[in-house]
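Visitor: One structure coming up, written as C-alpha cells, with questions to follow.
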Amino acid sequence: MFIVTGGAGLIGSLTVWKLNACGIDDILVVDHLGTSDKWKNLAPLRFADYLEKDAFRETLRRGALDGKKIDGIFHLGACSSTTERDASYLVDNNFVYTTELAHFAVGHRIRMVYASSCATYGDGSQGYRDDESAIEKLRPLNMYGYSKQLFDLWAKRRGYFDLLTGCKFSNIYGPNEEHKNEMRSVVLRAYEEITATGRMRLFRSYRPEYADGEQKRDFLYVKDAVNMLWFLFNSPRGTGLFNVGSGKAETWNHLVTAVFRALGKTPAIEYIDMPEHLRDRYQYYTCADMTKLRERGFDEAVFTLDEAVADYVGKYLTTGKRPGDE
C-alpha cells in the first residue's frame with residue numbers, strides 16, 4: 001500500500017494519477033476536504049481508502065498502521081499559503097505533522113518523499129542550490145517558507161536525509177488547482193481573467209533592474225513535478241534534498257502571453273500596483289539549480305513553458321476535464 005497525504009491537492013492528486021498510470025491503486029489517500037471542491041480531483045482516480053487528516057494523525061499515534069505493508073509514503077499535505085499569518089497553525093500542520101510521519105517512516109524503514117519548498121531560499125542571496133550542508137544559511141521571507149525550513153533542519157540534525165527525500169518544489173501549476181483560492185497559479189488566474197475580460201493584470205516592478213512583468217520565476221508543470229518525484233522515490237540515490245523545478249527562469253509576461261496564445265487571443269496586459277504588505281517579501285527572481293537531480297540520473301525532457309500552458313489550457317481548463325478523465 002502507498003500513502004499519499006494531501007492526495008486531493010494539486011501535486012497529491014497528480015501523484016495518485018501517476019501511481020494509477022503505473023498500475024497501482026492500493027493507495028490510502030489522506031486529506032482535509034472541508035467545504036472546498038477539491039473532492040472533484042479524486043473522482044476520476046483509483047485508490048483503496050480515504051482518511052481525513054486528523055483521523056490519519058490519530059491512527060499514526062495509536063500505532064494502528066504498525067505491521068501494515070506500506071510500500072511508500074508521499075507526504076504532500078501542507079498549508080501552502082505564503083500569506084498565512086497563523087504561525088502556530090503552520091508549525092503544527094507543516095512541521096509537527098511531518099515529524100510525526102517521518103518518525104513512523106524511519107522507524108519502519110519505509111521510503112518517504114515529502115514536500116519542502118523553494119520558498120526556503122528566501123530572497124535568493126544564498127543561491128538556489130539543493131545542498132543540505134548549507135541550509136542553515138537560508139532565510140525564508142514568509143512563515144510558510146520557514147515552516148518548511150524547520151523540518152528540513154530537523155531532518156538534517158537527526159541524519160534522516162539518508163532515508164527521506166525532500167522536494168523543494170518551485171512554482172508548480174497545472175490541472176486540479178482550482179481549490180487553492182488565492183494560491184492559484186497565475187496561469188489559472190490568467191485563464192479566468194482573460195476569458196472574462198479579454199485582458200490580464202500583473203504587478204508593477206519596484207526595482208529598476210526589472211521592467212514591469214519582467215520579474216522571473218522558475219515555473220514547473222505539475223506533470224513534470226510528479227515525474228521527478230516518482231524518479232526520486234525509485235532511485236537508490238534519491239534521498240536527501242532536491243530541487244524540483246524547470247531550471248529556467250521565465251518572466252510573468254512570457255507566462256501570461258502563453259495563456260493568450262493558447263486561447264487564440266492577442267495579448268493585452270495591464271500593470272497594477274502591488275499591495276504594500278507584499279513589497280518587502282516579493283521575490284523578483286527564482287531559478288532552481290537542477291544539477292543534482294540530473295547528476296542522479298533524471299534524464300527526461302520536461303515541457304517547455306509554452307507546451308505546458310497549451311496542454312493545461314487545451315486539455316483541462318477549456319474542457320472541464322481532470323487527470324484520469326482522459
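Ligands are numbered from 1 in the order shown, residues from 1 within each chain, and chains are lettered A, B, ... in the order they appear in the C-alpha cells.
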If you run DSSP on this backbone, which residues of range 40-204 of chain A come out as helix (DSSP H, G or I), and could you give them as a ChimeraX atom specification?
Guide: /A:40-42,53-62,87-107,118-121,132-137,143-157,160-162,178-183,186-197
Visitor: I'd like the neighbourhood of range 279-296 of chain A as an MDAnalysis selection string, where a residue qualifies if any of its atoms comes within 6 Å (using only C-alpha atoms), though same-chain residues fewer than 5 positions away should be ignored.
Guide: chainID A and resid 123 128:129 141 215:218 245 247:249
Visitor: When you draw a straight line from CA of Trp39 in chain A to CA of Val16 in chain A, how long is it in Å?
Guide: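 CA of Trp39 in chain A sits 13.3 Å away from CA of Val16 in chain A.
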Visitor: Within 7 Å of Asn176 in chain A, counting only C-alpha atoms, which residues qualify if same-chain residues fewer than 5 places away don't, as a ChimeraX atom specification?
Guide: /A:9-10,41,322
Visitor: Take the residues from that selection and put them in a file with N, CA and C atoms, as an mmCIF file, in the first residue's frame.
Guide:
data_model
loop_
_atom_site.group_PDB
_atom_site.id
_atom_site.type_symbol
_atom_site.label_atom_id
_atom_site.label_comp_id
_atom_site.auth_asym_id
_atom_site.auth_seq_id
_atom_site.Cartn_x
_atom_site.Cartn_y
_atom_site.Cartn_z
ATOM 1 N N GLY A 9 -5.057 17.375 -3.336
ATOM 2 C CA GLY A 9 -4.488 18.638 -3.776
ATOM 3 C C GLY A 9 -3.857 18.551 -5.145
ATOM 4 N N LEU A 10 -3.200 19.618 -5.538
ATOM 5 C CA LEU A 10 -2.604 19.703 -6.875
ATOM 6 C C LEU A 10 -1.552 18.621 -7.090
ATOM 7 N N ASN A 41 -11.174 16.390 -7.590
ATOM 8 C CA ASN A 41 -9.893 15.902 -8.103
ATOM 9 C C ASN A 41 -9.743 14.403 -7.903
ATOM 10 N N ARG A 322 -10.367 16.488 -15.841
ATOM 11 C CA ARG A 322 -9.297 16.380 -14.866
ATOM 12 C C ARG A 322 -8.457 15.157 -15.187
#
Visitor: Using DSSP on the backbone coordinates, identify all residues within range 70-308 of chain A classified as strand (DSSP E); present the result as a PyMOL selection string.
Guide: chain A and resi 72-75+112-117+164-169+171-173+200-203+216-221+240-244+249-251+269-272
Visitor: Between A:Leu153, A:Leu42, A:Cys118, A:Leu305, which residue has the minimum interatomic distance to Pro140 in chain A, considering only C-alpha atoms?
Guide: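 Ranked by minimum distance to Pro140 in chain A, first place goes to A:Cys118.
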Visitor: Kindly give the distance, in Å, that separates CA of Gly124 in chain A and CA of Gly145 in chain A, rounded to a single decimal.
Guide: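 Rounded to one decimal, the two atoms are 12.7 Å apart.
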Visitor: Need the shell around range 225-236 of chain A: protein/DNA/RNA residues with any atom at most 9 Å away, counting only C-alpha atoms. Skip same-chain ones fewer than 4 positions apart. Format as an NGL selection string?
Guide: :A and (11-12 or 14-15 or 18-19 or 72 or 74 or 111-113 or 165 or 167 or 169 or 172 or 220-221 or 242 or 244-246 or 293 or 296-298 or 300)
Visitor: Quick one: everything within 10 Å of Ile73 in chain A, counting only C-alpha atoms, minus sequence neighbours fewer than 6 positions away in the same chain. Send it as a list of chain:residue names.
Guide: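 Counting only C-alpha atoms, the residues come to A:Met1, A:Phe2, A:Ile3, A:Val4, A:Thr5, A:Ile27, A:Leu28, A:Leu101, A:Ala102, A:Ala105, A:Ile110, A:Arg111, A:Met112, A:Val113, A:Tyr114, A:Leu164, A:Phe233.
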Visitor: Can you measure CA of Val30 in chain A to CA of Tyr97 in chain A for me? One decimal in Å is fine.
Guide: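 We find that CA of Val30 in chain A and CA of Tyr97 in chain A lie 12.5 Å from each other.
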Visitor: Out of A:Val309, A:Ala301, A:Leu241, A:Met200, which residue has the shortest atom-to-atom distance to Arg261 in chain A when counting only C-alpha atoms?
Guide: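 Closest to Arg261 in chain A of all the choices is A:Val309.
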Visitor: Nearest to Arg189 in chain A among A:Ile24, A:Arg85, A:Tyr173, A:Lys53, with distances taken over only C-alpha atoms: which residue is it?
Guide: A:Tyr173
Visitor: Which one of A:Tyr144, A:Tyr316, A:Tyr271, A:Trp17 sits closest to Cys79 in chain A if you count only C-alpha atoms?
Guide: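 Checking each candidate against Cys79 in chain A, we get A:Tyr144 as the closest.
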Visitor: Please provide as a PyMOL selection string all residues within 7 Å of Asp31 in chain A, with the sequence filter that same-chain residues fewer than 2 positions apart are discarded (counting only C-alpha atoms).
Guide: chain A and resi 5-8+29+33+51-53+77
Visitor: For Gly63 in chain A, which residue among A:Lys321, A:Ala211, A:Glu100, A:Asp25 is the nearest when counting only C-alpha atoms?
Guide: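 The answer is A:Glu100, which sits nearest to Gly63 in chain A.
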Visitor: May I ask which of the residues A:Ala190, A:Met183, A:Cys22, A:Val106 is the closest one to Phe161 in chain A, counting only C-alpha atoms?
Guide: A:Val106
Visitor: Near Thr98 in chain A, counting only C-alpha atoms, which residues have an atom at most 10 Å away, once you skip same-chain residues fewer than 6 positions from it, shown as a count of residues only?
Guide: 12
